[in-house]
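Enquirer: Submitted below is the structure of interest, expressed as structure tokens.
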Amino acid sequence: MAREFELCPGRRVGGDQPCFIIAEIGQNHQGDLDIAKRMIRMVKDCGADCAKFQKSELEYKFNKKALERPYTSKHSWGKTYGEHKRHLEFSHDQYRELKKYAEEIGIFFTASGMDEMAVEFLHELDVPFFKVGSGDTNNFPYLEKTAKKGRPMVISSGMQSMNTMHQVYQIVKPINPNFCFLQCTSAYPLQPEDVNLRVISAYQSAFPDIPIGYSGHETGIAISVAAVAMGAKVLERHVTLDKTWKGSDHQASLEPNELAELVKAIRTVEKAMGSPIKQLLPCEMACNEKAKHPQLPQPLLGGLVLRTFHQLRGPSLDSLQHFNVLLVVRGPELDMGFKVWPHQCQVLGNTNRNNISMVLYELLLH
């Protein structure tokens with residue numbers, strides 16, 4: 001069983017713990033602090049465990065040329081890439097305000113540190129765990145510095161190979177044992193044939209001492225629910241207030257009603273997973289009583305009296321192979337739990353096993 005660890009204060013992941021559900025607000029707040037707060041409240045009301053954002057230190061992450069290049073995308077918030085990114089980027093003080101708001105309403109708050117300086121700020125902000133986005137998973141110096149902070153880590157694996165993930169494991173594990181991998185495909189929106197949920201099982205086999213999860217960019221909730229049924233212990237999905245808003249992530253995000261339905265479905269599936277032990281359950285007792293085979297009123301079979309339906313299907317059939325059969329049931333109406341039939345029923349046939357089985361089948365269903 002995958003090792004458990006405390007991802008957030010008082011909230012463990014892995015083992016038999018319930019799936020930890022991260023609602024990725026990212027930059028779907030449109031650069032508006034009030035919308036960001038509304039989204040945090042929405043995430044809380046829908047039952048998710050954590051509201052997550054994306055933090056970058058733009059002047060550190062991008063050079064001047066990159067920030068000044070024209071940006072003409074239909075999703076652009078400015079004439080240049082720098083103007084676009086600055087519109088969507090909250091300041092340190094705004095992040096402190098958002099974290100305080102999340103704490104006040106009772107939901108965990110964190111962000112992906114999109115560069116090393118952002119990780120430094122988030123460490124100062126005292127987020128409960130670091131989220132490593134897929135684009136930084138093969139940035140080994142970044143991983144090592146982040147792991148050395150000592151906070152739990154959730155590491156996505158979009159665009160990576162199994163060989164790379166083994167390297168990530170070997171880098172992080174000796175420094176910080178409290179981390180997990182998320183199966184992820186970096187496409188927006190993600191088509192079902194590119195999800196590859198079986199990677200969850202491959203990760204579980206390759207890394208049995210860490211929890212495994214899923215970060216999804218598909219539409220709808222069915223695939224994410226299936227991931228949890230396969231053992232995902234952390235689930236991340238992008239969320240939005242309106243899929244029609246400007247921005248490249250909105251289309252692959254869940255609106256409030258979808259997020260609420262996802263959380264409900266996950267908790268239902270977790271209950272349904274139950275126990276691997278097959279046994280008669282208390283809830284089956286009433287049905288079990290009804291299913292007990294009643295006594296037939298002295299049916300005559302080749303001159304032999306067989307008293308119960310169970311006997312008619314048992315090994316005694318082997319001793320009746322050479323008899324001709326006239327089976328007559330007389331008496332009051334019989335309720336076998338299938339159907340009430342008339343007080344008299346005759347069926348003729350040979351006494352080989354197949355024909356007797358056919359006799360019984362017809363008696364039960366007619």
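Within each chain, counting starts at residue 1; across the structure tokens, chains are named A, B, ... in the order shown, with ligands numbered 1 upward in that order.
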Any chance you could list, as a compact mmCIF listing (two decimals) with N, CA and C atoms, in the first residue's frame, the residues in region 102-310 of chain A that come up strand (DSSP E or B) when DSSP is run on the backbone?
Expert:
```txt
# COMPACT_ATOMS: atom_id res chain seq x y z
N PHE A 108 -7.81 24.90 2.23
CA PHE A 108 -6.37 25.01 2.02
C PHE A 108 -6.08 25.84 0.78
N PHE A 109 -4.94 26.53 0.81
CA PHE A 109 -4.55 27.44 -0.27
C PHE A 109 -3.10 27.16 -0.64
N THR A 110 -2.83 27.04 -1.94
CA THR A 110 -1.45 26.92 -2.41
C THR A 110 -1.37 27.42 -3.84
N ALA A 111 -0.17 27.28 -4.42
CA ALA A 111 0.03 27.70 -5.81
C ALA A 111 1.19 26.91 -6.40
N SER A 112 1.18 26.82 -7.70
CA SER A 112 2.35 26.29 -8.41
C SER A 112 3.38 27.41 -8.48
N GLY A 113 4.59 27.12 -8.04
CA GLY A 113 5.68 28.08 -8.21
C GLY A 113 6.26 27.89 -9.60
N PHE A 130 4.01 22.42 -2.07
CA PHE A 130 4.35 22.97 -3.38
C PHE A 130 3.74 22.09 -4.47
N LYS A 131 3.17 22.72 -5.48
CA LYS A 131 2.75 22.01 -6.67
C LYS A 131 3.77 22.29 -7.77
N VAL A 132 4.31 21.24 -8.35
CA VAL A 132 5.26 21.35 -9.46
C VAL A 132 4.50 21.09 -10.75
N MET A 153 5.40 17.84 -1.69
CA MET A 153 5.39 18.22 -3.10
C MET A 153 4.39 17.35 -3.87
N VAL A 154 3.66 17.97 -4.77
CA VAL A 154 2.78 17.28 -5.71
C VAL A 154 3.33 17.57 -7.10
N ILE A 155 3.77 16.53 -7.80
CA ILE A 155 4.53 16.69 -9.03
C ILE A 155 3.75 16.12 -10.22
N SER A 156 3.37 16.98 -11.16
CA SER A 156 2.67 16.52 -12.37
C SER A 156 3.69 15.98 -13.37
N PHE A 179 6.23 13.28 -1.13
CA PHE A 179 5.82 13.78 -2.44
C PHE A 179 4.98 12.72 -3.14
N CYS A 180 4.29 13.14 -4.19
CA CYS A 180 3.51 12.20 -4.99
C CYS A 180 3.58 12.62 -6.45
N PHE A 181 3.31 11.67 -7.32
CA PHE A 181 3.27 11.92 -8.77
C PHE A 181 1.82 11.93 -9.24
N LEU A 182 1.54 12.81 -10.20
CA LEU A 182 0.23 12.84 -10.86
C LEU A 182 0.39 12.48 -12.32
N GLN A 183 -0.36 11.48 -12.78
CA GLN A 183 -0.44 11.23 -14.22
C GLN A 183 -1.12 12.43 -14.86
N CYS A 184 -0.56 12.89 -15.97
CA CYS A 184 -1.07 14.09 -16.62
C CYS A 184 -0.70 14.06 -18.10
N LEU A 190 -8.23 17.97 -23.24
CA LEU A 190 -7.63 16.66 -23.46
C LEU A 190 -8.66 15.68 -24.01
N ILE A 212 0.01 8.05 -5.68
CA ILE A 212 -0.12 8.41 -7.09
C ILE A 212 -1.47 9.09 -7.29
N GLY A 213 -1.49 10.11 -8.15
CA GLY A 213 -2.72 10.82 -8.41
C GLY A 213 -2.92 11.12 -9.88
N TYR A 214 -3.81 12.06 -10.16
CA TYR A 214 -4.18 12.37 -11.55
C TYR A 214 -4.48 13.86 -11.67
N SER A 215 -3.91 14.49 -12.69
CA SER A 215 -4.24 15.88 -13.03
C SER A 215 -4.87 15.87 -14.41
N GLY A 216 -6.14 16.25 -14.50
CA GLY A 216 -6.88 16.10 -15.74
C GLY A 216 -7.20 17.41 -16.43
N GLU A 218 -9.30 17.10 -19.29
CA GLU A 218 -10.39 16.69 -20.16
C GLU A 218 -11.66 17.46 -19.81
N VAL A 234 -4.62 11.83 -5.13
CA VAL A 234 -4.70 13.28 -5.28
C VAL A 234 -5.28 13.53 -6.66
N LEU A 235 -6.26 14.40 -6.75
CA LEU A 235 -6.87 14.74 -8.03
C LEU A 235 -6.85 16.24 -8.22
N GLU A 236 -6.40 16.68 -9.38
CA GLU A 236 -6.39 18.10 -9.70
C GLU A 236 -7.20 18.34 -10.96
N ARG A 237 -8.12 19.31 -10.89
CA ARG A 237 -8.88 19.73 -12.06
C ARG A 237 -8.95 21.26 -12.09
N HIS A 238 -8.82 21.83 -13.29
CA HIS A 238 -9.01 23.26 -13.46
C HIS A 238 -10.48 23.62 -13.27
N VAL A 239 -10.72 24.81 -12.71
CA VAL A 239 -12.10 25.26 -12.48
C VAL A 239 -12.26 26.68 -13.01
N LEU A 254 -13.78 23.01 -15.14
CA LEU A 254 -15.10 22.64 -14.63
C LEU A 254 -15.81 23.86 -14.07
N GLN A 295 -39.74 -26.26 -0.33
CA GLN A 295 -40.08 -27.67 -0.60
C GLN A 295 -41.12 -27.77 -1.71
N LEU A 300 -42.79 -36.42 -8.48
CA LEU A 300 -42.41 -37.78 -8.82
C LEU A 300 -41.49 -37.73 -10.03
N LEU A 301 -40.30 -38.29 -9.93
CA LEU A 301 -39.34 -38.28 -11.01
C LEU A 301 -38.86 -39.70 -11.25
N LEU A 304 -38.89 -41.88 -8.34
CA LEU A 304 -38.11 -41.44 -7.18
C LEU A 304 -38.69 -40.14 -6.66
N VAL A 305 -38.67 -39.98 -5.37
CA VAL A 305 -39.16 -38.74 -4.75
C VAL A 305 -37.96 -37.85 -4.45
N THR A 308 -36.53 -31.36 -2.87
CA THR A 308 -36.25 -29.93 -2.98
C THR A 308 -35.72 -29.58 -4.35
```
Enquirer: Check the smallest atom-to-atom distance from each of A:Gly106, A:Gly10, A:Asp126, A:Pro276 to Val43 (chain A) using only C-alpha atoms, then report the winner.
Expert: A:Gly106
Enquirer: Just how far from CA of Glu103 (chain A) is CA of Ile25 (chain A), in Å to one decimal?
Expert: 16.2 Å
Enquirer: Per DSSP on the backbone, filter region 72-309 of chain A down to the residues in helix (DSSP H, G or I) and report them as a PyMOL selection string.
Expert: chain A and resi 81-88+92-105+116-125+134-136+140-147+162-172+192-194+198-206+222-229+250-252+256-273+282-291+309
Enquirer: Using 12 Å as the limit and counting only C-alpha atoms, can you tabulate each residue of region 113-170 of chain A that touches region 69-91 of chain A, with its shortest atom-to-atom distance in Å and the two atoms involved, as a tab-separated table?
Expert:
```
residue	atom	partner	partner_atom	distance
A:Met114	CA	A:Glu89	CA	11.6
A:Ala118	CA	A:Ser91	CA	11.1
A:Phe121	CA	A:Ser91	CA	10.7
A:Leu122	CA	A:Ser91	CA	11.9
```
Enquirer: Go ahead and dump the residues you just picked, N, CA and C atoms, as a PDB file, in the first residue's frame.
Expert:
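What landed in selection38.pdb:
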```
ATOM      1  N   MET A 114       6.028  28.832 -10.501  1.00  0.00           N
ATOM      2  CA  MET A 114       6.383  28.656 -11.904  1.00  0.00           C
ATOM      3  C   MET A 114       7.850  28.959 -12.198  1.00  0.00           C
ATOM      4  N   ALA A 118       9.526  32.332  -7.490  1.00  0.00           N
ATOM      5  CA  ALA A 118       8.147  32.134  -7.040  1.00  0.00           C
ATOM      6  C   ALA A 118       8.093  31.109  -5.917  1.00  0.00           C
ATOM      7  N   PHE A 121       9.021  32.827  -2.742  1.00  0.00           N
ATOM      8  CA  PHE A 121       7.907  33.599  -2.182  1.00  0.00           C
ATOM      9  C   PHE A 121       6.860  32.693  -1.542  1.00  0.00           C
ATOM     10  N   LEU A 122       6.494  31.608  -2.217  1.00  0.00           N
ATOM     11  CA  LEU A 122       5.478  30.711  -1.670  1.00  0.00           C
ATOM     12  C   LEU A 122       5.968  30.063  -0.369  1.00  0.00           C
TER      13      LEU A 122
END
```
Enquirer: Can you tell me, as a ChimeraX atom specification, what residues are no more than 12 Å from Pro141 (chain A) when counting only C-alpha atoms, ignoring any on the same chain fewer than 2 positions away?
Expert: /A:115-116,136-139,143-148,168,171-172
Enquirer: Of the candidates A:Gly247, A:Gly135, A:Pro192, A:Pro282, which shows the shortest atom-to-atom distance to His29 (chain A), using only C-alpha atoms?
Expert: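 For His29 (chain A), the nearest of the given residues is A:Gly247.
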Enquirer: CA of Phe62 (chain A) to CA of Phe140 (chain A): how many Å, to one decimal?
Expert: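 Straight-line distance from CA of Phe62 (chain A) to CA of Phe140 (chain A) works out to 18.7 Å.
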Enquirer: Just give me the gap between CA of Ala48 (chain A) and CA of Ile22 (chain A) in Å, one decimal is fine.
Expert: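 Distance reported for this atom pair: 6.3 Å.
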Enquirer: Could you pull the residues within 12 Å of Gln204 (chain A), counting only C-alpha atoms, minus those fewer than 4 positions along the same chain, as a PyMOL selection string?
Expert: chain A and resi 1-3+14-15+180-183+197-200+208-214+230-233
Enquirer: May I have the residues within 9 Å of Lys44 (chain A) as a list in words, using only C-alpha atoms and disregarding those fewer than 3 positions away in the same chain?
Expert: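 Listing them by chain and then by number gives Met39, Ile40, Arg41, Gly47, Ala48, Asp49, Cys50, Ala51, Ala102, Ile105, Gly106 and Ile107 of chain A.
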Enquirer: Could you take the residues named above and write them with N, CA, C and O atoms, as a PDB file, in the first residue's frame?
Expert:
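In the end it all went to result15.pdb:
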```pdb
ATOM      1  N   MET A  39     -14.061  32.644  -6.579  1.00  0.00           N
ATOM      2  CA  MET A  39     -13.699  31.287  -6.992  1.00  0.00           C
ATOM      3  C   MET A  39     -13.235  30.453  -5.799  1.00  0.00           C
ATOM      4  O   MET A  39     -13.539  29.259  -5.714  1.00  0.00           O
ATOM      5  N   ILE A  40     -12.510  31.055  -4.887  1.00  0.00           N
ATOM      6  CA  ILE A  40     -12.111  30.335  -3.676  1.00  0.00           C
ATOM      7  C   ILE A  40     -13.351  29.902  -2.898  1.00  0.00           C
ATOM      8  O   ILE A  40     -13.449  28.760  -2.434  1.00  0.00           O
ATOM      9  N   ARG A  41     -14.302  30.812  -2.760  1.00  0.00           N
ATOM     10  CA  ARG A  41     -15.557  30.487  -2.060  1.00  0.00           C
ATOM     11  C   ARG A  41     -16.308  29.388  -2.795  1.00  0.00           C
ATOM     12  O   ARG A  41     -16.839  28.451  -2.185  1.00  0.00           O
ATOM     13  N   GLY A  47     -16.978  21.544  -2.154  1.00  0.00           N
ATOM     14  CA  GLY A  47     -16.445  20.423  -1.393  1.00  0.00           C
ATOM     15  C   GLY A  47     -15.020  20.022  -1.709  1.00  0.00           C
ATOM     16  O   GLY A  47     -14.549  18.992  -1.216  1.00  0.00           O
ATOM     17  N   ALA A  48     -14.309  20.807  -2.536  1.00  0.00           N
ATOM     18  CA  ALA A  48     -12.903  20.497  -2.818  1.00  0.00           C
ATOM     19  C   ALA A  48     -12.061  20.763  -1.572  1.00  0.00           C
ATOM     20  O   ALA A  48     -12.475  21.475  -0.646  1.00  0.00           O
ATOM     21  N   ASP A  49     -10.860  20.203  -1.563  1.00  0.00           N
ATOM     22  CA  ASP A  49      -9.984  20.334  -0.394  1.00  0.00           C
ATOM     23  C   ASP A  49      -9.074  21.546  -0.472  1.00  0.00           C
ATOM     24  O   ASP A  49      -8.645  22.062   0.563  1.00  0.00           O
ATOM     25  N   CYS A  50      -8.729  21.982  -1.673  1.00  0.00           N
ATOM     26  CA  CYS A  50      -7.696  23.007  -1.811  1.00  0.00           C
ATOM     27  C   CYS A  50      -7.979  23.889  -3.022  1.00  0.00           C
ATOM     28  O   CYS A  50      -8.367  23.389  -4.084  1.00  0.00           O
ATOM     29  N   ALA A  51      -7.766  25.184  -2.852  1.00  0.00           N
ATOM     30  CA  ALA A  51      -7.813  26.134  -3.965  1.00  0.00           C
ATOM     31  C   ALA A  51      -6.378  26.458  -4.363  1.00  0.00           C
ATOM     32  O   ALA A  51      -5.575  26.858  -3.524  1.00  0.00           O
ATOM     33  N   ALA A 102      -8.807  32.476   2.199  1.00  0.00           N
ATOM     34  CA  ALA A 102      -9.011  31.020   2.173  1.00  0.00           C
ATOM     35  C   ALA A 102      -8.992  30.450   3.584  1.00  0.00           C
ATOM     36  O   ALA A 102      -9.811  29.581   3.931  1.00  0.00           O
ATOM     37  N   ILE A 105     -12.321  31.132   5.449  1.00  0.00           N
ATOM     38  CA  ILE A 105     -13.499  30.325   5.084  1.00  0.00           C
ATOM     39  C   ILE A 105     -13.239  28.825   5.242  1.00  0.00           C
ATOM     40  O   ILE A 105     -14.139  28.022   5.051  1.00  0.00           O
ATOM     41  N   GLY A 106     -11.996  28.457   5.534  1.00  0.00           N
ATOM     42  CA  GLY A 106     -11.715  27.067   5.874  1.00  0.00           C
ATOM     43  C   GLY A 106     -11.376  26.156   4.717  1.00  0.00           C
ATOM     44  O   GLY A 106     -11.889  25.039   4.626  1.00  0.00           O
ATOM     45  N   ILE A 107     -10.486  26.621   3.828  1.00  0.00           N
ATOM     46  CA  ILE A 107     -10.020  25.752   2.744  1.00  0.00           C
ATOM     47  C   ILE A 107      -8.521  25.959   2.580  1.00  0.00           C
ATOM     48  O   ILE A 107      -8.002  27.064   2.786  1.00  0.00           O
TER      49      ILE A 107
END
```
Enquirer: Counting only C-alpha atoms, figure out which residue out of A:Tyr101, A:Pro152, A:Ser157, A:Glu24 gets nearest to Pro177 (chain A).
Expert: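 Looking only at the distances to Pro177 (chain A), the closest residue turns out to be A:Pro152.
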